[in-house]
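Participant: This is the structure I have questions about; it appears just below.
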Amino acid sequence: MAAHNFLWSLTKNCFTFGLIGLTVSDRYASIVPVRGSSMSPTFNPTTDSFMGSLSDDHVLMEKFCLQKYKFSHGDVIVFCSPSNHKEKHVKRIIGLPGDWIGTPMTNDVVKVPNGHCWVEGDNPSSSLDSRSFGPIPLGLVKGRVTHILWPPQRVRHVERKNHQKRHSPS
Amino acid sequence: MSTYLIGQKTCMNCKTLNPQLPLQPCRCILGEISNMAAHNFLWSLTKNCFTFGLIGLTVSDRYASIVPVRGSSMSPTFNPTTDSFMGSLSDDHVLMEKFCLQKYKFSHGDVIVFCSPSNHKEKHVKRIIGLPGDWIGTPMTNDVVKVPNGHCWVEGDNPSSSLDSRSFGPIPLGLVKGRVTHILWPPQRVRHVERKNHQKRHSPS
């Protein structure tokens, strides 16, 4: 009976801790792998096909920003792709609602509508971002990246970077 | 912590003389046992409440939750009467399931809850009229719009007072938060929410 009680209370504790982990991961913070090189050199600065996905950066994504929706210019965010809702992308916020964004390619100036933001990758040559699909609704944002957690030699805080020449505040 | 030996009449725990020893346990021990039992009971009650609260939170986040419907943009499906006397008590409360988000299987005529594209803090309830690849005719402007990949066209059942895709265009499917399956409140309106197809408004791809 003592072994039975021990197993039962072990099961209950595992279940409770699993549930706590799930709730924390859903609501507060989780760890996500970054694929691709659209955010080089911030993430994945080398394309190492030998190691494959083991060498991809794994980052800490916090969801506290979703409670009050406080985003700043230069934040790195994770969002659902507007063209394929099953994919998530990691990019940097360049413009917030009301900003004017200059697109050098088309010599257009775009105003970011209410409730939207303009995102771009740090590596413009291989980045599919708002220059292709336009501003994205803020409702698609899933979280904000604060730290790189893997590989161990690249553990650091992810800084905000402002692109002064690309946007004019409203 | 034995309190009595044969012949001993002084409790070894509280050190008072108790003529009822050793036949009955001392009152101090009974008090401690009942304290410990109450303490254990409260502690296990707290743990159970915490666990059930956590289960409820996880289920509400991932599988299904109950949301109130405000406004009359979905009359007569939801809120068929504007009853300002009762206020928010008479609003329909519906069951929103999130299983559809696992595989993103939506059908024409589903009623969905989504984040507004113009104000991410608000959620709206509307019906899916068009899925990716459909052509939607807008009578007002005589335009025909093709719903892009990863988007859907939503409209309210009450076109005269509904702010929907006719104003803000197709919405990305990533904004969808869940699908409405049943009305749960008020009790006289408990029913399953049916799919309704608008045959004259869209042409399948």
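Here's how to read the names in the structure tokens: chain A, B, ... by the order shown, residue numbers from 1 in each chain, ligand numbers from 1 in the order shown.
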Quick one: which residues from chain A are at most 12 Å off chain B, using only C-alpha atoms, as an NGL selection string?
Facilitator: :A and (12-27 or 66-70 or 79-88 or 97 or 112-117 or 133 or 135-142)
Participant: Near Pro76 (chain B), within 12 Å and counting only C-alpha atoms, which residues show up once chain neighbours fewer than 2 positions away are dropped, as a PyMOL selection string?
Facilitator: chain B and resi 71-74+78-82+92+156-159+161+189+193
Participant: Taking 3 positions as the minimum chain separation for residues in the same chain, which residues sit within 10 Å of Gly109 (chain B) when counting only C-alpha atoms? Answer as a short mmCIF file (atom, residue, chain, number, x, y, z; two decimals) with all heavy atoms, in the first residue's frame.
Facilitator:
```cif
data_model
loop_
_atom_site.label_atom_id
_atom_site.label_comp_id
_atom_site.auth_asym_id
_atom_site.auth_seq_id
_atom_site.Cartn_x
_atom_site.Cartn_y
_atom_site.Cartn_z
N PHE B 106 -11.92 25.09 -41.35
CA PHE B 106 -13.10 25.94 -41.33
C PHE B 106 -13.97 25.64 -42.53
O PHE B 106 -13.48 25.25 -43.59
CB PHE B 106 -12.71 27.42 -41.36
CG PHE B 106 -11.89 27.84 -40.19
CD1 PHE B 106 -10.56 28.16 -40.34
CD2 PHE B 106 -12.46 27.89 -38.92
CE1 PHE B 106 -9.79 28.55 -39.26
CE2 PHE B 106 -11.69 28.27 -37.83
CZ PHE B 106 -10.36 28.60 -38.00
N ILE B 112 -17.46 32.38 -36.37
CA ILE B 112 -16.16 32.39 -35.71
C ILE B 112 -15.99 33.65 -34.87
O ILE B 112 -16.66 34.66 -35.08
CB ILE B 112 -15.00 32.33 -36.73
CG1 ILE B 112 -15.12 33.47 -37.73
CG2 ILE B 112 -14.93 30.99 -37.41
CD1 ILE B 112 -13.84 33.72 -38.49
N LYS B 126 -18.54 36.79 -36.22
CA LYS B 126 -19.17 36.90 -37.53
C LYS B 126 -19.19 35.52 -38.18
O LYS B 126 -18.62 34.56 -37.66
CB LYS B 126 -18.40 37.88 -38.46
CG LYS B 126 -18.31 39.29 -37.94
CD LYS B 126 -19.62 40.04 -38.13
CE LYS B 126 -19.54 41.47 -37.58
NZ LYS B 126 -19.62 41.52 -36.12
N ARG B 127 -19.83 35.47 -39.36
CA ARG B 127 -19.94 34.19 -40.06
C ARG B 127 -18.98 34.18 -41.23
O ARG B 127 -18.81 35.19 -41.92
CB ARG B 127 -21.37 34.00 -40.55
CG ARG B 127 -21.74 32.57 -40.87
CD ARG B 127 -23.19 32.47 -41.33
NE ARG B 127 -24.15 32.67 -40.25
CZ ARG B 127 -24.61 31.69 -39.45
NH1 ARG B 127 -24.18 30.46 -39.63
NH2 ARG B 127 -25.49 31.95 -38.53
N ILE B 128 -18.35 33.03 -41.49
CA ILE B 128 -17.44 32.91 -42.63
C ILE B 128 -18.26 32.78 -43.90
O ILE B 128 -19.08 31.87 -44.04
CB ILE B 128 -16.52 31.68 -42.48
CG1 ILE B 128 -15.55 31.89 -41.34
CG2 ILE B 128 -15.74 31.45 -43.77
CD1 ILE B 128 -14.57 30.75 -41.17
N ILE B 129 -18.07 33.71 -44.84
CA ILE B 129 -18.77 33.66 -46.12
C ILE B 129 -17.84 33.10 -47.18
O ILE B 129 -18.27 32.37 -48.08
CB ILE B 129 -19.26 35.07 -46.52
CG1 ILE B 129 -20.12 35.65 -45.41
CG2 ILE B 129 -20.00 35.03 -47.83
CD1 ILE B 129 -21.39 34.89 -45.15
N GLY B 130 -16.55 33.45 -47.11
CA GLY B 130 -15.62 33.00 -48.15
C GLY B 130 -14.32 32.49 -47.56
O GLY B 130 -13.82 33.04 -46.57
N VAL B 154 -15.64 37.52 -43.87
CA VAL B 154 -16.65 37.32 -42.82
C VAL B 154 -17.72 38.39 -42.94
O VAL B 154 -17.45 39.54 -43.32
CB VAL B 154 -16.01 37.37 -41.41
CG1 VAL B 154 -15.09 36.20 -41.20
CG2 VAL B 154 -15.26 38.67 -41.20
N GLU B 155 -18.93 38.01 -42.65
CA GLU B 155 -20.04 38.97 -42.62
C GLU B 155 -20.98 38.63 -41.48
O GLU B 155 -21.07 37.48 -41.05
CB GLU B 155 -20.81 38.94 -43.95
CG GLU B 155 -20.11 39.66 -45.08
CD GLU B 155 -20.97 39.71 -46.33
OE1 GLU B 155 -22.21 39.54 -46.23
OE2 GLU B 155 -20.39 39.89 -47.42
N GLU B 194 -26.23 26.66 -36.23
CA GLU B 194 -26.12 25.96 -37.51
C GLU B 194 -25.24 26.73 -38.48
O GLU B 194 -25.10 27.94 -38.40
CB GLU B 194 -27.52 25.82 -38.13
CG GLU B 194 -28.51 25.05 -37.29
CD GLU B 194 -28.10 23.61 -37.13
OE1 GLU B 194 -27.39 23.08 -38.02
OE2 GLU B 194 -28.46 23.01 -36.11
N ARG B 195 -24.67 25.98 -39.44
CA ARG B 195 -24.00 26.64 -40.56
C ARG B 195 -25.06 27.13 -41.53
O ARG B 195 -26.04 26.46 -41.79
CB ARG B 195 -23.11 25.64 -41.30
CG ARG B 195 -21.92 25.20 -40.52
CD ARG B 195 -20.87 24.67 -41.46
NE ARG B 195 -19.83 24.04 -40.64
CZ ARG B 195 -19.63 22.74 -40.59
NH1 ARG B 195 -20.36 21.93 -41.32
NH2 ARG B 195 -18.70 22.25 -39.82
N LYS B 196 -24.85 28.32 -42.05
CA LYS B 196 -25.78 28.85 -43.05
C LYS B 196 -24.98 29.27 -44.25
O LYS B 196 -24.04 30.06 -44.13
CB LYS B 196 -26.51 30.08 -42.48
CG LYS B 196 -27.84 29.80 -41.86
CD LYS B 196 -28.63 31.07 -41.77
CE LYS B 196 -29.20 31.25 -40.36
NZ LYS B 196 -29.49 32.64 -40.07
N ASN B 197 -25.32 28.78 -45.38
CA ASN B 197 -24.58 29.15 -46.59
C ASN B 197 -25.32 30.22 -47.37
O ASN B 197 -26.54 30.15 -47.54
CB ASN B 197 -24.37 27.92 -47.48
CG ASN B 197 -23.28 27.03 -46.94
OD1 ASN B 197 -22.28 27.53 -46.46
ND2 ASN B 197 -23.47 25.74 -47.01
N HIS B 198 -24.59 31.21 -47.79
CA HIS B 198 -25.15 32.28 -48.62
C HIS B 198 -24.84 31.95 -50.07
O HIS B 198 -23.78 32.28 -50.58
CB HIS B 198 -24.51 33.63 -48.27
CG HIS B 198 -24.90 34.13 -46.93
ND1 HIS B 198 -25.47 35.35 -46.73
CD2 HIS B 198 -24.81 33.55 -45.71
CE1 HIS B 198 -25.70 35.52 -45.44
NE2 HIS B 198 -25.32 34.45 -44.80
#
```
Participant: Quick one: residues within 7 Å of Val94 (chain B), only C-alpha atoms, excluding same-chain residues fewer than 5 positions away - as a list in words?
Facilitator: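 Here the qualifying residues turn out to be Ile66, Val67, Pro68, Val180, His182, Ile183, Leu184 and Trp185 of chain B.
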Participant: Name all residues at most 12 Å from Pro152 (chain A) (count only C-alpha atoms; drop same-chain ones fewer than 4 positions away) and give them as a PyMOL selection string.
Facilitator: chain A and resi 54-59+147-148+156
Participant: Counting only C-alpha atoms, which of A:Phe71, A:Thr46, A:Val145, A:Phe64 gets nearest to Lys91 (chain A)?
Facilitator: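 Of all the options, A:Val145 lies closest to Lys91 (chain A).
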Participant: Give me every strand (DSSP E) residue in region 22-151 of chain A, going by DSSP on the backbone, as a PyMOL selection string.
Facilitator: chain A and resi 29-33+58-62+76-80+88-95+100-103+108-111+116-120+136-137+141-150
Participant: Please dump the current selection as a CSV table (one decimal), in the first residue's frame; keep N, CA and C atoms.
Facilitator:
```csv
chain,number,residue,atom,x,y,z
A,29,ALA,N,5.5,32.5,-21.2
A,29,ALA,CA,6.8,32.5,-21.9
A,29,ALA,C,7.0,31.1,-22.4
A,30,SER,N,7.6,31.0,-23.6
A,30,SER,CA,8.0,29.7,-24.1
A,30,SER,C,9.3,29.8,-24.9
A,31,ILE,N,9.8,28.6,-25.3
A,31,ILE,CA,11.1,28.6,-26.0
A,31,ILE,C,10.8,28.1,-27.5
A,32,VAL,N,11.2,28.9,-28.4
A,32,VAL,CA,10.9,28.6,-29.8
A,32,VAL,C,12.2,28.5,-30.6
A,33,PRO,N,12.3,27.6,-31.6
A,33,PRO,CA,13.5,27.6,-32.5
A,33,PRO,C,13.3,28.6,-33.6
A,58,HIS,N,17.7,28.9,-30.4
A,58,HIS,CA,16.4,28.7,-29.7
A,58,HIS,C,16.3,30.0,-28.8
A,59,VAL,N,15.2,30.6,-28.9
A,59,VAL,CA,15.0,31.9,-28.2
A,59,VAL,C,13.8,31.8,-27.2
A,60,LEU,N,13.9,32.7,-26.2
A,60,LEU,CA,12.8,32.8,-25.2
A,60,LEU,C,11.8,33.9,-25.7
A,61,MET,N,10.6,33.4,-25.8
A,61,MET,CA,9.5,34.3,-26.3
A,61,MET,C,8.6,34.6,-25.1
A,62,GLU,N,8.4,35.8,-24.8
A,62,GLU,CA,7.6,36.2,-23.6
A,62,GLU,C,6.2,36.7,-24.2
A,76,VAL,N,11.7,42.5,-31.4
A,76,VAL,CA,11.7,41.3,-32.2
A,76,VAL,C,10.4,40.5,-31.8
A,77,ILE,N,9.5,40.3,-32.7
A,77,ILE,CA,8.3,39.6,-32.4
A,77,ILE,C,8.1,38.3,-33.2
A,78,VAL,N,7.3,37.4,-32.7
A,78,VAL,CA,6.9,36.2,-33.3
A,78,VAL,C,5.4,36.4,-33.7
A,79,PHE,N,5.1,36.1,-35.0
A,79,PHE,CA,3.7,36.3,-35.4
A,79,PHE,C,3.3,35.3,-36.4
A,80,CYS,N,2.0,35.1,-36.5
A,80,CYS,CA,1.4,34.1,-37.5
A,80,CYS,C,1.5,34.8,-38.9
A,88,LYS,N,4.7,30.4,-38.4
A,88,LYS,CA,5.0,31.6,-37.6
A,88,LYS,C,6.3,32.1,-38.1
A,89,HIS,N,6.5,33.4,-38.0
A,89,HIS,CA,7.7,34.1,-38.5
A,89,HIS,C,8.2,34.9,-37.3
A,90,VAL,N,9.6,35.2,-37.4
A,90,VAL,CA,10.2,36.0,-36.4
A,90,VAL,C,10.8,37.2,-37.2
A,91,LYS,N,10.4,38.5,-36.8
A,91,LYS,CA,10.9,39.6,-37.5
A,91,LYS,C,10.9,40.8,-36.5
A,92,ARG,N,11.5,41.9,-36.9
A,92,ARG,CA,11.6,43.1,-36.0
A,92,ARG,C,10.6,44.1,-36.4
A,93,ILE,N,10.0,44.8,-35.4
A,93,ILE,CA,9.0,45.8,-35.6
A,93,ILE,C,9.7,47.1,-36.1
A,94,ILE,N,9.4,47.5,-37.3
A,94,ILE,CA,10.0,48.8,-37.8
A,94,ILE,C,9.0,49.9,-37.6
A,95,GLY,N,7.7,49.7,-37.8
A,95,GLY,CA,6.7,50.7,-37.7
A,95,GLY,C,5.5,50.3,-36.9
A,100,TRP,N,4.9,56.4,-40.9
A,100,TRP,CA,5.1,56.4,-42.4
A,100,TRP,C,6.4,55.6,-42.7
A,101,ILE,N,6.3,54.6,-43.5
A,101,ILE,CA,7.4,53.8,-43.9
A,101,ILE,C,7.8,54.1,-45.3
A,102,GLY,N,9.1,54.3,-45.5
A,102,GLY,CA,9.5,54.5,-46.9
A,102,GLY,C,10.0,53.2,-47.5
A,103,THR,N,9.5,52.8,-48.7
A,103,THR,CA,10.0,51.6,-49.4
A,103,THR,C,10.9,52.0,-50.5
A,108,ASP,N,7.6,54.3,-52.7
A,108,ASP,CA,6.3,54.6,-52.1
A,108,ASP,C,6.5,55.0,-50.7
A,109,VAL,N,5.5,55.7,-50.1
A,109,VAL,CA,5.5,55.9,-48.7
A,109,VAL,C,4.2,55.4,-48.2
A,110,VAL,N,4.3,54.4,-47.2
A,110,VAL,CA,3.1,53.7,-46.7
A,110,VAL,C,2.8,54.1,-45.3
A,111,LYS,N,1.6,54.4,-45.0
A,111,LYS,CA,1.2,54.7,-43.6
A,111,LYS,C,0.7,53.5,-43.0
A,116,HIS,N,-2.2,47.8,-36.8
A,116,HIS,CA,-1.2,47.1,-37.6
A,116,HIS,C,0.2,47.5,-37.3
A,117,CYS,N,1.2,46.7,-37.8
A,117,CYS,CA,2.6,47.1,-37.6
A,117,CYS,C,3.4,46.6,-38.8
A,118,TRP,N,4.5,47.3,-39.0
A,118,TRP,CA,5.4,47.0,-40.2
A,118,TRP,C,6.6,46.2,-39.7
A,119,VAL,N,6.8,45.0,-40.2
A,119,VAL,CA,7.9,44.2,-39.7
A,119,VAL,C,8.9,43.9,-40.8
A,120,GLU,N,10.2,43.9,-40.5
A,120,GLU,CA,11.2,43.5,-41.4
A,120,GLU,C,12.3,42.7,-40.8
A,136,ILE,N,1.1,44.0,-41.0
A,136,ILE,CA,0.3,42.9,-40.4
A,136,ILE,C,-0.5,43.4,-39.2
A,137,PRO,N,-1.7,42.8,-39.0
A,137,PRO,CA,-2.5,43.2,-37.9
A,137,PRO,C,-1.8,42.8,-36.6
A,141,VAL,N,0.3,38.8,-33.6
A,141,VAL,CA,1.5,38.7,-32.8
A,141,VAL,C,1.3,37.7,-31.7
A,142,LYS,N,2.3,36.8,-31.6
A,142,LYS,CA,2.2,35.7,-30.6
A,142,LYS,C,3.1,35.9,-29.4
A,143,GLY,N,4.1,36.8,-29.6
A,143,GLY,CA,5.0,37.0,-28.4
A,143,GLY,C,6.2,37.8,-28.9
A,144,ARG,N,7.0,38.2,-27.9
A,144,ARG,CA,8.2,39.0,-28.1
A,144,ARG,C,9.4,38.3,-27.7
A,145,VAL,N,10.5,38.4,-28.5
A,145,VAL,CA,11.7,37.6,-28.2
A,145,VAL,C,12.6,38.5,-27.3
A,146,THR,N,13.0,37.9,-26.2
A,146,THR,CA,13.9,38.7,-25.3
A,146,THR,C,15.3,38.1,-25.2
A,147,HIS,N,15.5,36.8,-25.2
A,147,HIS,CA,16.8,36.3,-25.0
A,147,HIS,C,17.1,35.1,-26.0
A,148,ILE,N,18.3,34.9,-26.3
A,148,ILE,CA,18.7,33.7,-27.0
A,148,ILE,C,19.2,32.7,-25.9
A,149,LEU,N,18.6,31.5,-26.0
A,149,LEU,CA,19.0,30.5,-24.9
A,149,LEU,C,19.9,29.3,-25.4
A,150,TRP,N,20.0,29.2,-26.7
A,150,TRP,CA,20.8,28.1,-27.3
A,150,TRP,C,21.3,28.5,-28.6
```
Participant: Could you work out how far CA of Asn123 (chain A) lies from CA of Val155 (chain A), giving the answer in Å with one decimal?
Facilitator: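 If I compute the distance from CA of Val155 (chain A) to CA of Asn123 (chain A), I get 20.3 Å.
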